[in-house]
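A.B. asks: Okay, so here is start_9.csv, and as you'll see once you scroll down, it has CSV, C-alpha atoms.
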chain,number,residue,atom,x,y,z
D,1,MET,CA,1.9,-14.2,19.1
D,2,LYS,CA,-1.8,-14.3,18.7
D,3,THR,CA,-2.0,-10.4,18.5
D,4,ILE,CA,0.7,-10.4,15.7
D,5,ILE,CA,-1.3,-13.0,13.7
D,6,PHE,CA,-4.5,-11.1,14.4
D,7,VAL,CA,-3.1,-7.8,13.2
D,8,ILE,CA,-1.5,-9.3,10.0
D,9,MET,CA,-4.5,-11.4,8.9
D,10,GLY,CA,-7.0,-8.7,9.9
D,11,THR,CA,-5.1,-6.0,7.9
D,12,ILE,CA,-4.7,-8.2,4.8
D,13,LEU,CA,-8.1,-9.7,4.7
D,14,VAL,CA,-10.6,-7.5,6.6
D,15,GLU,CA,-9.0,-4.1,6.3
D,16,ASN,CA,-7.3,-4.5,3.0
D,17,PHE,CA,-5.9,-1.0,2.1
D,18,VAL,CA,-6.8,-1.2,-1.6
D,19,LEU,CA,-9.9,-3.3,-1.6
D,20,GLN,CA,-11.6,-2.2,1.6
D,21,LYS,CA,-10.2,1.3,2.4
D,22,PHE,CA,-9.7,2.2,-1.3
D,23,LEU,CA,-6.3,3.7,-0.6
D,24,GLY,CA,-3.5,3.4,-3.2
D,25,ILE,CA,-5.8,3.0,-6.2
D,26,CYS,CA,-3.5,4.9,-8.7
D,27,PRO,CA,-0.6,2.4,-8.5
D,28,PHE,CA,-3.1,-0.5,-8.1
D,29,LEU,CA,-4.6,0.3,-11.5
D,30,GLY,CA,-1.4,1.6,-13.2
D,31,VAL,CA,1.1,-1.1,-12.3
D,32,SER,CA,-1.2,-4.2,-12.4
D,33,LYS,CA,-1.0,-4.8,-16.1
D,34,LYS,CA,2.1,-7.0,-15.8
D,35,MET,CA,3.0,-9.4,-12.9
D,36,ASN,CA,6.7,-8.3,-12.9
D,37,SER,CA,5.8,-4.7,-12.3
D,38,ALA,CA,3.2,-5.6,-9.7
D,39,VAL,CA,5.7,-7.7,-7.7
D,40,GLY,CA,8.3,-5.0,-7.9
D,41,MET,CA,5.9,-2.2,-6.9
D,42,SER,CA,4.6,-4.4,-4.1
D,43,GLY,CA,8.1,-4.9,-2.7
D,44,ALA,CA,8.8,-1.2,-2.8
D,45,VAL,CA,5.5,-0.3,-1.1
D,46,VAL,CA,6.0,-2.9,1.7
D,47,PHE,CA,9.5,-1.5,2.3
D,48,VAL,CA,8.3,2.1,2.3
D,49,MET,CA,5.2,1.5,4.4
D,50,THR,CA,7.2,-0.4,7.1
D,51,LEU,CA,10.0,2.2,7.3
D,52,ALA,CA,7.4,5.1,7.1
D,53,SER,CA,5.5,3.6,10.0
D,54,ALA,CA,8.7,3.5,12.1
D,55,ALA,CA,9.9,6.9,11.1
D,56,THR,CA,6.6,8.7,11.4
D,57,TRP,CA,6.0,7.2,14.8
D,58,ALA,CA,9.4,8.5,16.0
D,59,VAL,CA,8.7,11.9,14.5
D,60,ASN,CA,5.4,12.1,16.2
D,61,GLU,CA,6.6,10.8,19.5
D,62,TYR,CA,9.9,12.7,19.8
D,63,ILE,CA,9.3,15.9,17.8
D,64,LEU,CA,5.6,16.7,17.4
D,65,LEU,CA,4.1,15.7,20.7
D,66,PRO,CA,6.7,17.2,23.0
D,67,ASN,CA,6.6,20.5,21.2
D,68,ASP,CA,2.8,20.7,20.8
D,69,LEU,CA,3.1,20.5,17.0
D,70,GLU,CA,0.4,17.9,16.3
D,71,PHE,CA,-1.1,20.3,13.7
D,72,LEU,CA,2.0,19.6,11.5
D,73,ARG,CA,1.5,15.9,11.6
D,74,THR,CA,0.2,15.4,8.0
D,75,ILE,CA,2.8,17.6,6.4
D,76,SER,CA,5.7,16.2,8.4
D,77,PHE,CA,4.6,12.6,7.6
D,78,ILE,CA,4.4,13.5,3.9
D,79,LEU,CA,8.0,14.8,4.1
D,80,VAL,CA,9.2,11.6,5.8
D,81,VAL,CA,7.4,9.5,3.2
D,82,ALA,CA,8.9,11.5,0.3
D,83,ALA,CA,12.4,11.1,1.7
D,84,LEU,CA,12.0,7.3,2.0
D,85,VAL,CA,10.7,7.1,-1.5
D,86,GLN,CA,13.7,9.0,-2.8
D,87,PHE,CA,15.9,6.5,-0.9
D,88,VAL,CA,14.1,3.5,-2.5
D,89,GLU,CA,14.3,5.2,-5.9
D,90,ILE,CA,18.1,5.7,-5.6
D,91,ILE,CA,18.6,2.1,-4.5
D,92,LEU,CA,16.6,0.7,-7.3
D,93,LYS,CA,18.2,2.9,-9.9
D,94,ARG,CA,21.6,1.9,-8.8
D,95,PHE,CA,21.2,-1.8,-8.2
D,96,ILE,CA,18.0,-3.1,-9.9
D,97,LYS,CA,17.7,-1.0,-13.2
D,98,PRO,CA,15.2,-3.3,-15.0
D,99,LEU,CA,12.7,-2.9,-12.1
D,100,TYR,CA,13.4,0.8,-11.9
D,101,LYS,CA,12.5,1.1,-15.6
D,102,SER,CA,9.5,-1.1,-15.4
D,103,LEU,CA,8.0,0.9,-12.5
D,104,GLY,CA,8.6,4.2,-14.4
D,105,ILE,CA,6.5,7.1,-13.1
D,106,TYR,CA,4.7,4.9,-10.5
D,107,LEU,CA,7.8,4.7,-8.2
D,108,PRO,CA,7.8,8.5,-7.4
D,109,LEU,CA,4.1,8.2,-7.1
D,110,ILE,CA,4.6,6.2,-3.9
D,111,THR,CA,5.3,9.5,-2.4
D,112,THR,CA,1.7,10.6,-3.1
D,113,ASN,CA,0.3,7.1,-2.4
D,114,CYS,CA,-2.4,7.8,0.1
D,115,ALA,CA,-2.0,4.3,1.5
D,116,VAL,CA,1.4,5.1,2.8
D,117,LEU,CA,0.2,8.3,4.5
D,118,GLY,CA,-2.9,6.4,5.6
D,119,VAL,CA,-1.0,3.8,7.5
D,120,ALA,CA,1.1,6.4,9.3
D,121,LEU,CA,-2.0,8.3,10.3
D,122,LEU,CA,-3.9,5.2,11.4
D,123,ASN,CA,-0.9,4.2,13.6
D,124,ILE,CA,-1.3,7.5,15.5
D,125,GLN,CA,-5.1,7.4,15.5
D,126,ARG,CA,-5.0,3.9,17.0
D,127,SER,CA,-2.3,4.8,19.6
D,128,TYR,CA,0.0,2.0,18.5
D,129,GLY,CA,3.4,1.8,20.1
D,130,PHE,CA,6.6,1.5,18.0
D,131,GLY,CA,6.5,-2.2,17.5
D,132,MET,CA,2.8,-2.4,16.7
D,133,SER,CA,3.2,0.6,14.3
D,134,VAL,CA,6.0,-1.2,12.4
D,135,LEU,CA,4.0,-4.4,12.4
D,136,TYR,CA,0.9,-2.6,11.1
D,137,GLY,CA,2.9,-0.8,8.4
D,138,PHE,CA,4.3,-4.2,7.3
D,139,ALA,CA,0.9,-5.8,7.3
D,140,ALA,CA,-0.6,-2.9,5.4
D,141,GLY,CA,2.2,-3.3,2.8
D,142,LEU,CA,1.3,-7.0,2.6
D,143,SER,CA,-2.4,-6.1,2.1
D,144,PHE,CA,-1.4,-3.8,-0.8
D,145,THR,CA,0.8,-6.7,-2.2
D,146,VAL,CA,-2.0,-9.3,-2.0
D,147,ALA,CA,-4.5,-6.9,-3.8
D,148,LEU,CA,-2.0,-5.9,-6.4
D,149,ILE,CA,-0.8,-9.4,-7.3
D,150,LEU,CA,-4.3,-10.9,-7.4
D,151,PHE,CA,-5.4,-8.0,-9.6
D,152,SER,CA,-2.4,-8.3,-11.8
D,153,GLY,CA,-3.2,-12.0,-12.4
D,154,ILE,CA,-6.8,-11.1,-13.3
D,155,ARG,CA,-5.6,-8.4,-15.7
D,156,GLU,CA,-3.2,-10.7,-17.4
D,157,ARG,CA,-6.0,-13.2,-17.9
D,158,LEU,CA,-8.3,-10.5,-19.2
D,159,GLU,CA,-5.8,-9.6,-22.0
D,160,THR,CA,-6.6,-13.0,-23.7
D,161,ALA,CA,-10.2,-13.1,-22.7
D,162,ASP,CA,-13.0,-12.4,-25.2
D,163,VAL,CA,-14.3,-9.1,-23.8
D,164,PRO,CA,-16.8,-6.9,-25.6
D,165,GLU,CA,-15.1,-4.0,-27.4
D,166,ALA,CA,-16.8,-1.4,-25.1
D,167,PHE,CA,-15.4,-3.0,-22.0
D,168,LYS,CA,-11.8,-3.6,-23.1
D,169,GLY,CA,-9.1,-1.9,-21.1
D,170,LEU,CA,-9.9,0.2,-18.1
D,171,PRO,CA,-13.7,-0.5,-17.9
D,172,ILE,CA,-13.2,-4.3,-17.5
D,173,ALA,CA,-10.4,-3.6,-15.1
D,174,LEU,CA,-12.6,-1.5,-12.9
D,175,ILE,CA,-15.4,-4.1,-13.0
D,176,SER,CA,-12.9,-6.8,-12.1
D,177,ALA,CA,-11.6,-4.7,-9.2
D,178,ALA,CA,-15.1,-4.2,-7.9
D,179,PHE,CA,-15.7,-8.0,-7.9
D,180,LEU,CA,-12.4,-8.6,-6.2
D,181,SER,CA,-13.4,-6.0,-3.6
D,182,LEU,CA,-16.7,-7.7,-3.1
D,183,ALA,CA,-14.9,-11.0,-2.6
D,184,PHE,CA,-12.8,-9.5,0.2
D,185,MET,CA,-16.0,-8.2,1.9
D,186,GLY,CA,-16.7,-11.8,2.7
D,187,PHE,CA,-13.9,-11.7,5.3
D,188,GLN,CA,-15.6,-8.9,7.3
D,189,GLY,CA,-16.8,-11.2,10.0
D,190,LEU,CA,-13.5,-12.8,10.7
D,191,PHE,CA,-11.8,-10.2,12.9
D,192,ALA,CA,-13.2,-7.2,14.8
D,193,PHE,CA,-11.0,-4.2,15.2
For the structure just supplied, provide its representation as structure tokens.
C.D. replies:
Amino acid sequence: MKTIIFVIMGTILVENFVLQKFLGICPFLGVSKKMNSAVGMSGAVVFVMTLASAATWAVNEYILLPNDLEFLRTISFILVVAALVQFVEIILKRFIKPLYKSLGIYLPLITTNCAVLGVALLNIQRSYGFGMSVLYGFAAGLSFTVALILFSGIRERLETADVPEAFKGLPIALISAAFLSLAFMGFQGLFAF
């Protein structure tokens, strides 16, 4: 139990995929303007990261390693992630149309979200077993969620703030993201990986 808490809290606070590893910046900046979109995108990313961790571990363990095809790891992982994103897109389009419309172009961009590929590759690099890979994928999705929801709240507040004209829009968003990242650097001493 201690290991599970350690992995989850360490991944969310110390190794935050967006604020510390700087992976997944495109959807982080693109979907964070409204809280509804941020929550929807977060749920989709958590789902895809968790399933991608399980699927890529299985592909690596049962297909790539036994056949000495490790050199195909990245491309095969991208194909697995793309298939999972298509599955999520079909489900959202069929059952949750408002969320599907609010996510717009960012939903297919989960396929190219480097955070999803990053978690799959880190699972292999760290030699995690199946259970730990799934847990790490879920925790990585939660780290993306925490960053996206915090930043979305900040951006909603910035809409009504008195910001100098030169800083309105993306410049103040990037400055705010930098300060949020600095705040998360304060957690560096909590866990050692």
A.B. asks: For D:Thr111, which of D:Met185, D:Val81, D:Leu174, D:Leu13 is the closest residue, counting only C-alpha atoms?
C.D. replies: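 Checking each candidate against D:Thr111, we get D:Val81 as the closest.
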A.B. asks: Would you pick out the contacts of stretch 141-144 of chain D at 7 Å or less, using only C-alpha atoms, so that residues sharing its chain but fewer than 5 positions from it are not included, and give the list as a VMD selection string?
C.D. replies: chain D and resid 11 to 12 16 to 18 42 45 to 46 49
A.B. asks: With all atoms listed in the file as the basis for distance, which of D:Val88, D:Met132, D:Ala183, D:Ala54 is at the shortest distance from D:Leu103?
C.D. replies: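 Nearest to D:Leu103: D:Val88.
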A.B. asks: Of the residues D:Gln125, D:Gly104, D:Phe95, D:Asn113, which is the one nearest to D:Arg73, using all atoms listed in the file?
C.D. replies: D:Gln125
A.B. asks: Check the smallest atom-to-atom distance from each of D:Val80, D:Val59, D:Ala52, D:Leu107 to D:Gly40 using only C-alpha atoms, then report the winner.
C.D. replies: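 For D:Gly40, the nearest of the given residues is D:Leu107.
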A.B. asks: Considering only C-alpha atoms, state which residue in the set D:Leu148, D:Val48, D:Cys26, D:Met41 is at the smallest distance from D:Val85.
C.D. replies: D:Val48
A.B. asks: Quick one: residues within 10 Å of D:Tyr136, all atoms listed in the file, excluding same-chain residues fewer than 5 positions away - as a count of residues only?
C.D. replies: 17
A.B. asks: Just to confirm, what's the straight-line distance from atom CA of D:Phe22 to atom CA of D:Ala147 in Å (one decimal)?
C.D. replies: 10.8 Å
A.B. asks: Rank D:Ile124, D:Ala161, D:Leu109, D:Leu84 by their smallest atom-to-atom distance to D:Ala58, using all atoms listed in the file, and report the top residue only.
C.D. replies: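 Under the stated criterion, the closest residue is D:Ile124.
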A.B. asks: One decimal, in Å: what's the spacing between atom CA of D:Leu79 and atom CA of D:Ile149?
C.D. replies: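 One can read the atom CA of D:Leu79 to atom CA of D:Ile149 distance as 28.2 Å.
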A.B. asks: If you count all atoms listed in the file, which residues fall within 12 Å of D:Tyr100, apart from same-chain ones fewer than 5 positions away, as a list in words?
C.D. replies: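 Once the adjacent positions are removed, what remains is Asn36, Ser37, Gly40, Met41, Ala44, Val88, Glu89, Ile90, Ile91, Leu92, Lys93, Arg94, Phe95, Ile105, Tyr106, Leu107 and Pro108 of chain D.
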A.B. asks: Quick one: distance from atom CA of D:Phe87 to atom CA of D:Leu29 in Å, one decimal?
C.D. replies: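 Calculated distance between atom CA of D:Phe87 and atom CA of D:Leu29 is 23.9 Å.
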A.B. asks: Need the shell around D:Thr74: protein/DNA/RNA residues with any atom at most 8 Å away, counting all atoms listed in the file. Skip same-chain ones fewer than 4 positions apart. Format as a list in words?
C.D. replies: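 The residues that qualify are Ile78, Leu117 and Leu121 of chain D.
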A.B. asks: For the structure just given, write the atoms of stretch 87-112 of chain D, namely N, CA and C atoms, as a CSV table (one decimal), in the first residue's frame.
C.D. replies:
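And here is the file that came out, result_21.csv:
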chain,number,residue,atom,x,y,z
D,87,PHE,N,-10.9,4.8,-30.2
D,87,PHE,CA,-11.9,4.2,-29.4
D,87,PHE,C,-12.6,5.2,-28.4
D,88,VAL,N,-11.8,6.0,-27.8
D,88,VAL,CA,-12.4,7.1,-26.9
D,88,VAL,C,-13.2,8.1,-27.7
D,89,GLU,N,-12.7,8.5,-28.9
D,89,GLU,CA,-13.4,9.4,-29.7
D,89,GLU,C,-14.8,8.8,-30.2
D,90,ILE,N,-14.8,7.6,-30.5
D,90,ILE,CA,-16.1,7.0,-30.9
D,90,ILE,C,-17.1,6.9,-29.8
D,91,ILE,N,-16.6,6.6,-28.6
D,91,ILE,CA,-17.4,6.5,-27.4
D,91,ILE,C,-18.0,7.9,-27.1
D,92,LEU,N,-17.1,8.9,-27.1
D,92,LEU,CA,-17.6,10.3,-26.7
D,92,LEU,C,-18.6,10.8,-27.8
D,93,LYS,N,-18.3,10.5,-29.0
D,93,LYS,CA,-19.1,11.0,-30.1
D,93,LYS,C,-20.5,10.4,-30.0
D,94,ARG,N,-20.6,9.1,-29.6
D,94,ARG,CA,-21.8,8.4,-29.5
D,94,ARG,C,-22.6,8.7,-28.3
D,95,PHE,N,-21.9,8.9,-27.1
D,95,PHE,CA,-22.7,8.9,-25.9
D,95,PHE,C,-22.6,10.3,-25.2
D,96,ILE,N,-21.5,11.1,-25.4
D,96,ILE,CA,-21.3,12.4,-24.7
D,96,ILE,C,-21.0,13.5,-25.8
D,97,LYS,N,-22.0,13.8,-26.6
D,97,LYS,CA,-21.7,14.7,-27.7
D,97,LYS,C,-21.3,16.1,-27.3
D,98,PRO,N,-21.8,16.7,-26.2
D,98,PRO,CA,-21.4,18.0,-25.8
D,98,PRO,C,-19.9,18.1,-25.5
D,99,LEU,N,-19.4,17.0,-24.8
D,99,LEU,CA,-18.0,17.0,-24.5
D,99,LEU,C,-17.2,16.7,-25.7
D,100,TYR,N,-17.7,15.9,-26.6
D,100,TYR,CA,-17.0,15.6,-27.9
D,100,TYR,C,-16.8,16.9,-28.7
D,101,LYS,N,-17.9,17.8,-28.7
D,101,LYS,CA,-17.8,19.0,-29.4
D,101,LYS,C,-16.9,20.0,-28.7
D,102,SER,N,-16.9,20.1,-27.4
D,102,SER,CA,-16.1,21.0,-26.7
D,102,SER,C,-14.6,20.7,-26.8
D,103,LEU,N,-14.3,19.4,-26.9
D,103,LEU,CA,-12.9,19.1,-27.0
D,103,LEU,C,-12.3,19.3,-28.4
D,104,GLY,N,-13.2,19.2,-29.4
D,104,GLY,CA,-12.9,19.6,-30.8
D,104,GLY,C,-11.6,18.9,-31.3
D,105,ILE,N,-10.7,19.6,-31.8
D,105,ILE,CA,-9.5,19.1,-32.4
D,105,ILE,C,-8.5,18.5,-31.4
D,106,TYR,N,-8.7,18.8,-30.1
D,106,TYR,CA,-7.8,18.4,-29.1
D,106,TYR,C,-8.0,16.9,-28.7
D,107,LEU,N,-9.1,16.3,-29.0
D,107,LEU,CA,-9.3,14.9,-28.7
D,107,LEU,C,-8.4,14.0,-29.6
D,108,PRO,N,-8.4,14.3,-31.0
D,108,PRO,CA,-7.5,13.5,-31.8
D,108,PRO,C,-6.1,13.8,-31.5
D,109,LEU,N,-5.8,14.9,-30.9
D,109,LEU,CA,-4.4,15.3,-30.6
D,109,LEU,C,-3.9,14.5,-29.4
D,110,ILE,N,-4.7,13.8,-28.7
D,110,ILE,CA,-4.2,12.9,-27.6
D,110,ILE,C,-3.3,11.8,-28.3
D,111,THR,N,-3.6,11.5,-29.5
D,111,THR,CA,-2.8,10.5,-30.2
D,111,THR,C,-1.4,11.0,-30.3
D,112,THR,N,-1.2,12.3,-30.5
D,112,THR,CA,0.2,12.8,-30.6
D,112,THR,C,0.6,13.5,-29.3
